[in-house]
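Enquirer: Got work.cif for you, mmCIF, C-alpha atoms:
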data_final
loop_
_atom_site.label_atom_id
_atom_site.label_comp_id
_atom_site.auth_asym_id
_atom_site.auth_seq_id
_atom_site.Cartn_x
_atom_site.Cartn_y
_atom_site.Cartn_z
CA MET A 1 76.66 87.72 109.89
CA SER A 2 76.79 90.02 106.85
CA TYR A 3 73.74 92.15 106.14
CA LEU A 4 72.83 93.39 102.68
CA ARG A 5 72.25 97.14 102.52
CA ARG A 6 71.49 99.63 99.82
CA LEU A 7 74.38 100.29 97.48
CA PRO A 8 76.66 103.10 98.69
CA LYS A 9 76.90 106.23 96.57
CA PHE A 10 79.32 106.20 93.64
CA GLU A 11 79.90 107.86 90.28
CA TYR A 12 79.28 105.60 87.30
CA PHE A 13 81.19 105.66 83.99
CA ALA A 14 80.11 103.79 80.85
CA PRO A 15 83.00 103.81 78.35
CA HIS A 16 82.50 102.54 74.81
CA SER A 17 86.12 101.63 74.02
CA ILE A 18 89.05 99.94 75.69
CA ASP A 19 91.14 103.11 75.42
CA GLU A 20 88.41 105.16 77.12
CA ALA A 21 88.23 102.61 79.94
CA CYS A 22 92.01 102.71 80.37
CA ASP A 23 91.96 106.51 80.54
CA LEU A 24 89.33 106.35 83.31
CA LEU A 25 91.37 103.76 85.19
CA ALA A 26 94.45 105.96 84.97
CA ALA A 27 92.52 108.94 86.30
CA HIS A 28 90.80 107.15 89.19
CA SER A 29 92.89 104.00 89.76
CA ASN A 30 92.97 104.22 93.56
CA GLU A 31 89.22 104.69 94.03
CA VAL A 32 87.64 102.73 91.19
CA ARG A 33 86.25 99.24 90.60
CA LEU A 34 85.41 97.59 87.29
CA LEU A 35 81.89 96.24 86.80
CA ALA A 36 81.54 93.20 84.52
CA GLY A 37 78.66 90.87 85.44
CA GLY A 38 78.51 92.31 88.95
CA THR A 39 77.71 88.98 90.61
CA ASP A 40 80.46 89.48 93.22
CA LEU A 41 81.05 93.24 93.28
CA LEU A 42 77.45 94.29 93.94
CA LEU A 43 77.19 91.92 96.89
CA GLN A 44 80.50 93.19 98.25
CA MET A 45 79.22 96.75 98.02
CA ARG A 46 75.93 95.93 99.71
CA ARG A 47 77.86 94.25 102.54
CA ARG A 48 80.18 97.30 102.68
CA GLU A 49 83.16 95.05 101.93
CA ALA A 50 83.87 97.42 99.02
CA CYS A 51 82.90 101.10 98.78
CA PRO A 52 84.47 102.48 95.59
CA ALA A 53 83.96 106.14 94.74
CA TYR A 54 83.79 105.29 91.03
CA ILE A 55 82.47 102.36 89.02
CA ILE A 56 83.49 101.68 85.40
CA GLY A 57 80.87 99.57 83.63
CA LEU A 58 82.33 97.45 80.83
CA LYS A 59 79.17 96.23 79.08
CA GLY A 60 79.30 98.98 76.46
CA ILE A 61 82.72 97.87 75.14
CA ALA A 62 81.88 95.49 72.29
CA LYS A 63 85.53 94.46 71.73
CA LEU A 64 85.63 92.84 75.18
CA SER A 65 83.03 90.22 74.23
CA GLY A 66 83.24 87.23 71.90
CA ILE A 67 85.27 84.15 71.03
CA GLN A 68 87.65 84.14 68.07
CA VAL A 69 89.78 81.40 66.53
CA LEU A 70 93.32 82.67 65.95
CA ALA A 71 95.49 82.09 62.90
CA ASP A 72 97.74 79.67 64.81
CA GLY A 73 94.77 77.54 65.84
CA GLY A 74 94.48 79.01 69.32
CA LEU A 75 91.54 80.89 70.77
CA ALA A 76 90.98 84.46 71.98
CA ILE A 77 88.17 85.06 74.45
CA GLY A 78 87.09 88.57 75.38
CA SER A 79 87.02 89.21 79.11
CA MET A 80 83.31 90.22 79.02
CA THR A 81 82.27 86.92 77.43
CA THR A 82 79.62 85.38 79.66
CA ILE A 83 79.88 81.97 81.27
CA LYS A 84 76.80 80.96 79.27
CA ALA A 85 78.47 81.91 75.98
CA LEU A 86 81.62 80.06 77.02
CA MET A 87 79.89 76.78 77.85
CA SER A 88 77.66 77.00 74.75
CA SER A 89 80.41 77.77 72.21
CA PRO A 90 80.88 74.88 69.74
CA VAL A 91 84.61 75.59 69.35
CA VAL A 92 85.13 75.64 73.13
CA ARG A 93 83.11 72.47 73.65
CA GLU A 94 84.89 70.62 70.83
CA ASN A 95 88.49 71.72 71.39
CA TYR A 96 88.61 72.92 75.00
CA GLY A 97 86.13 70.63 76.69
CA VAL A 98 87.69 70.99 80.13
CA LEU A 99 86.91 74.72 80.04
CA ALA A 100 83.32 74.10 78.90
CA GLU A 101 82.87 71.61 81.76
CA ALA A 102 84.19 74.09 84.31
CA ALA A 103 81.90 76.82 82.97
CA ALA A 104 78.83 74.56 83.02
CA GLY A 105 79.29 73.89 86.74
CA ILE A 106 79.26 77.55 87.79
CA GLY A 107 76.13 78.64 89.65
CA GLY A 108 72.71 78.43 88.05
CA PRO A 109 71.39 79.66 84.68
CA GLU A 110 70.67 83.17 85.94
CA LEU A 111 74.23 83.66 87.17
CA ARG A 112 75.82 82.12 84.06
CA ASN A 113 73.86 84.54 81.87
CA VAL A 114 75.55 87.59 83.43
CA ALA A 115 78.82 86.41 85.04
CA THR A 116 81.91 86.74 82.82
CA ILE A 117 85.17 84.90 82.31
CA GLY A 118 87.12 88.07 83.10
CA GLY A 119 85.25 88.59 86.35
CA ASN A 120 85.83 84.98 87.36
CA LEU A 121 89.57 85.55 86.95
CA ALA A 122 89.79 89.09 88.32
CA GLY A 123 87.98 88.12 91.52
CA ALA A 124 91.03 85.97 92.39
CA LEU A 125 89.01 83.62 94.58
CA PRO A 126 90.64 80.22 95.21
CA CYS A 127 87.22 78.55 94.80
CA ALA A 128 86.73 79.93 91.26
CA ASP A 129 86.26 77.16 88.71
CA LEU A 130 87.74 78.69 85.54
CA PRO A 131 91.33 79.42 86.70
CA PRO A 132 92.31 75.73 87.21
CA ALA A 133 90.92 74.79 83.79
CA LEU A 134 92.66 77.72 82.11
CA ILE A 135 95.93 76.95 83.89
CA THR A 136 95.98 73.34 82.66
CA LEU A 137 95.30 74.58 79.13
CA GLY A 138 98.29 76.95 79.25
CA ALA A 139 96.15 80.08 78.95
CA LYS A 140 97.44 83.65 79.07
CA VAL A 141 95.73 86.98 79.72
CA ARG A 142 96.31 90.40 78.21
CA LEU A 143 96.48 93.31 80.64
CA LYS A 144 96.17 96.76 79.07
CA SER A 145 96.80 100.20 80.49
CA ARG A 146 96.85 103.60 78.81
CA ASN A 147 100.53 103.33 77.88
CA ARG A 148 101.29 99.62 77.56
CA GLU A 149 100.04 96.07 77.22
CA ARG A 150 101.50 92.92 78.72
CA VAL A 151 100.79 89.19 78.64
CA VAL A 152 100.72 87.03 81.78
CA LEU A 153 100.25 83.29 82.15
CA VAL A 154 97.11 82.49 84.15
CA GLU A 155 99.22 80.35 86.49
CA ASP A 156 101.22 83.52 87.33
CA LEU A 157 98.18 85.78 87.64
CA PHE A 158 97.48 85.18 91.34
CA PRO A 159 100.36 86.18 93.69
CA GLN A 160 98.29 85.88 96.88
CA PHE A 161 94.77 85.35 98.17
CA GLY A 162 92.26 87.72 96.61
CA LYS A 163 94.86 89.50 94.47
CA THR A 164 96.02 89.46 90.86
CA VAL A 165 99.19 90.90 89.39
CA ALA A 166 97.12 93.47 87.48
CA ARG A 167 98.06 97.02 88.40
CA PRO A 168 95.34 99.50 89.44
CA ASP A 169 95.42 101.11 85.97
CA GLU A 170 95.31 97.82 84.01
CA LEU A 171 92.29 96.23 82.35
CA LEU A 172 92.08 92.51 81.64
CA THR A 173 90.98 92.49 78.00
CA THR A 174 91.55 89.01 76.57
CA ILE A 175 92.16 85.40 77.54
CA GLU A 176 94.25 83.51 74.99
CA LEU A 177 94.41 79.72 74.68
CA PRO A 178 97.08 77.89 72.68
CA SER A 179 96.10 75.33 70.06
CA ILE A 180 95.41 71.91 71.51
CA PRO A 181 97.97 69.15 70.73
CA SER A 182 96.71 66.01 69.03
CA SER A 183 95.97 63.02 71.28
CA SER A 184 95.18 65.20 74.28
CA GLY A 185 92.19 65.87 76.48
CA GLY A 186 91.03 66.79 79.92
CA THR A 187 88.19 67.05 82.40
CA TYR A 188 87.05 69.21 85.32
CA LEU A 189 85.53 67.65 88.42
CA LYS A 190 84.37 69.38 91.57
CA PHE A 191 82.60 68.74 94.84
CA HIS A 192 80.18 71.04 96.61
CA ASP A 193 77.33 70.53 99.06
CA ARG A 194 74.37 71.67 96.98
CA GLN A 195 74.15 71.43 93.20
CA SER A 196 74.52 74.76 91.35
CA MET A 197 74.44 77.00 94.43
CA ASP A 198 77.38 76.61 96.80
CA MET A 199 80.94 77.66 96.16
CA THR A 200 83.28 74.86 95.16
CA THR A 201 84.53 72.82 98.12
CA VAL A 202 87.30 71.35 95.97
CA GLY A 203 87.82 71.36 92.20
CA VAL A 204 90.30 69.49 90.02
CA SER A 205 91.16 70.14 86.39
CA ALA A 206 93.29 67.55 84.59
CA PHE A 207 94.72 67.79 81.08
CA VAL A 208 97.00 65.18 79.49
CA THR A 209 98.78 64.68 76.16
CA TRP A 210 99.46 61.16 74.91
CA ASP A 211 102.69 60.27 73.09
CA GLN A 212 101.47 57.54 70.77
CA ALA A 213 104.92 56.69 69.39
CA ASN A 214 106.35 55.91 72.84
CA ASP A 215 103.07 54.81 74.43
CA VAL A 216 103.40 57.25 77.37
CA PHE A 217 101.90 60.48 78.63
CA ARG A 218 104.35 63.24 77.69
CA ASP A 219 102.49 66.05 79.45
CA VAL A 220 100.23 65.92 82.50
CA LYS A 221 98.82 69.05 84.17
CA ILE A 222 96.55 69.20 87.21
CA GLY A 223 94.96 72.44 88.40
CA LEU A 224 93.31 72.77 91.80
CA ALA A 225 90.57 75.01 93.18
CA SER A 226 89.93 75.57 96.90
CA SER A 227 93.09 73.67 97.80
CA ALA A 228 95.33 76.65 98.58
CA PRO A 229 95.03 80.45 99.03
CA VAL A 230 95.35 80.75 95.23
CA PRO A 231 94.51 78.49 92.26
CA SER A 232 97.41 76.06 91.95
CA ILE A 233 98.96 73.61 89.49
CA SER A 234 100.91 70.39 89.90
#
Could you write out this structure as structure tokens?

Expert:
Amino acid sequence: MSYLRRLPKFEYFAPHSIDEACDLLAAHSNEVRLLAGGTDLLLQMRRREACPAYIIGLKGIAKLSGIQVLADGGLAIGSMTTIKALMSSPVVRENYGVLAEAAAGIGGPELRNVATIGGNLAGALPCADLPPALITLGAKVRLKSRNRERVVLVEDLFPQFGKTVARPDELLTTIELPSIPSSSGGTYLKFHDRQSMDMTTVGVSAFVTWDQANDVFRDVKIGLASSAPVPSIS
């Protein structure tokens, strides 16, 4: 049984820019944790599953929040965008309905108001609902450090249980979605014991594209949660 204790002592940083956050990560990368919504990290700290010497709070970085339509018709979502904002966004609900469905099934209203899309990904939990939806949509993430930036497909983000490919000095800044092909759509379905409270027992995201000329599906993607040590696709 895990007991909740007072938070251990740590030094808190509150950067106001991505570059400032990256500098702090570079300086303290082996002893630091990033704080987004805090719905997982604070519990881990109170259970003594994590005892970082430094915490970098990301709420003061305005550029990490928001949803923007790109010139090519795709979408850019800041990593600090809340689950509530994600499920409520008209452009997400209209064009990326599978992602809105996955977001709407996460926790209760209180959790969705503070939890973030970046935290849901960075936690690297196989039961997380957003990774399967993002994988079937062909999403990518931007990882930024002080000296470089790289782009990684969400399906390649999780090498093993509880881990991402992000280096200790890298910050997940943006999630990018490609434009949606015509005659395509998807859904996210999941099972859990109690509505809105328990972690997902199993989740399935499906996204298909219909080839009207040949009367066949030309692209079918299925993403799975809680079916393997990492979010998976078939």

Enquirer: Could you tell me, as a PyMOL selection string, exactly which residues end up selected when the PyMOL selection byres ((chain A and resi 134) around 9) is applied to this structure?

Expert: chain A and resi 98-99+130-133+135-140+154-155+175+177+205+223

Enquirer: When you count all atoms listed in the file, which of these residues is closest to A:Arg47: A:Leu64, A:Ala100, A:Leu7, A:Val69?

Expert: A:Leu7

Enquirer: Rank nothing, just name the residue among A:Ile117, A:Ala122, A:Ala53, A:Leu172 nearest to A:Arg142, using only C-alpha atoms.

Expert: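 When distances to A:Arg142 are compared using only C-alpha atoms, the smallest one comes from A:Leu172.
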
Enquirer: Any chance you could resolve the PyMOL selection byres ((chain A and resi 39-41) around 8) against this file and give the residues as number ranges by chain?

Expert: A: 35, 37-38, 42-45, 50, 111, 114-115, 123

Enquirer: Find the distance between atom CA of A:Ile77 and atom CA of A:Pro168 and write it in Å to one decimal.

Expert: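 Taking atom CA of A:Ile77 and atom CA of A:Pro168, their separation equals 22.0 Å.
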
Enquirer: Would you translate the PyMOL selection byres ((chain A and resi 151) around 9) into the concrete set of residues it matches in this file, as a list in words?

Expert: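 Matching residues under the PyMOL selection byres ((chain A and resi 151) around 9) are Lys140, Val141, Arg142, Leu143, Lys144, Glu149, Arg150, Val152 and Leu153 of chain A.
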
Enquirer: Identify which of the residues A:Val230, A:Glu49, A:Asp169, A:Gly97 lies closest to A:Phe207, counting all atoms listed in the file when measuring atom-to-atom distances.

Expert: A:Gly97

Enquirer: Please work out which residues fall within 7 Å of (79.3, 91.9, 79.1), coordinates as given in the file, with only C-alpha atoms counting, and return them as an MDAnalysis selection string.

Expert: chainID A and resid 36:37 58:59 65 80:82 116

Enquirer: Which is closer to A:Thr200 than all the others in A:Ser227, A:Thr187, A:Ser17, A:Ser89, using all atoms listed in the file?

Expert: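 Using all atoms listed in the file, the shortest distance to A:Thr200 belongs to A:Ser227.
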
Enquirer: Suppose you want the space between atom CA of A:Leu24 and atom CA of A:Leu121; what is it in Å?

Expert: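 Straight-line distance from atom CA of A:Leu24 to atom CA of A:Leu121 works out to 21.1 Å.
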
Enquirer: So the first atom is atom CA of A:Tyr12 and the second is atom CA of A:Gly108; what is the distance between them in Å, to one decimal place?

Expert: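 For atom CA of A:Tyr12 relative to atom CA of A:Gly108, the distance reads 28.0 Å.
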
Enquirer: Which residues, written as a list in words, have at least one atom at most 8 Å from A:Ala104, with only C-alpha atoms counted and residues fewer than 5 positions away on the same chain left out?

Expert: Ile83, Lys84 and Met87 of chain A
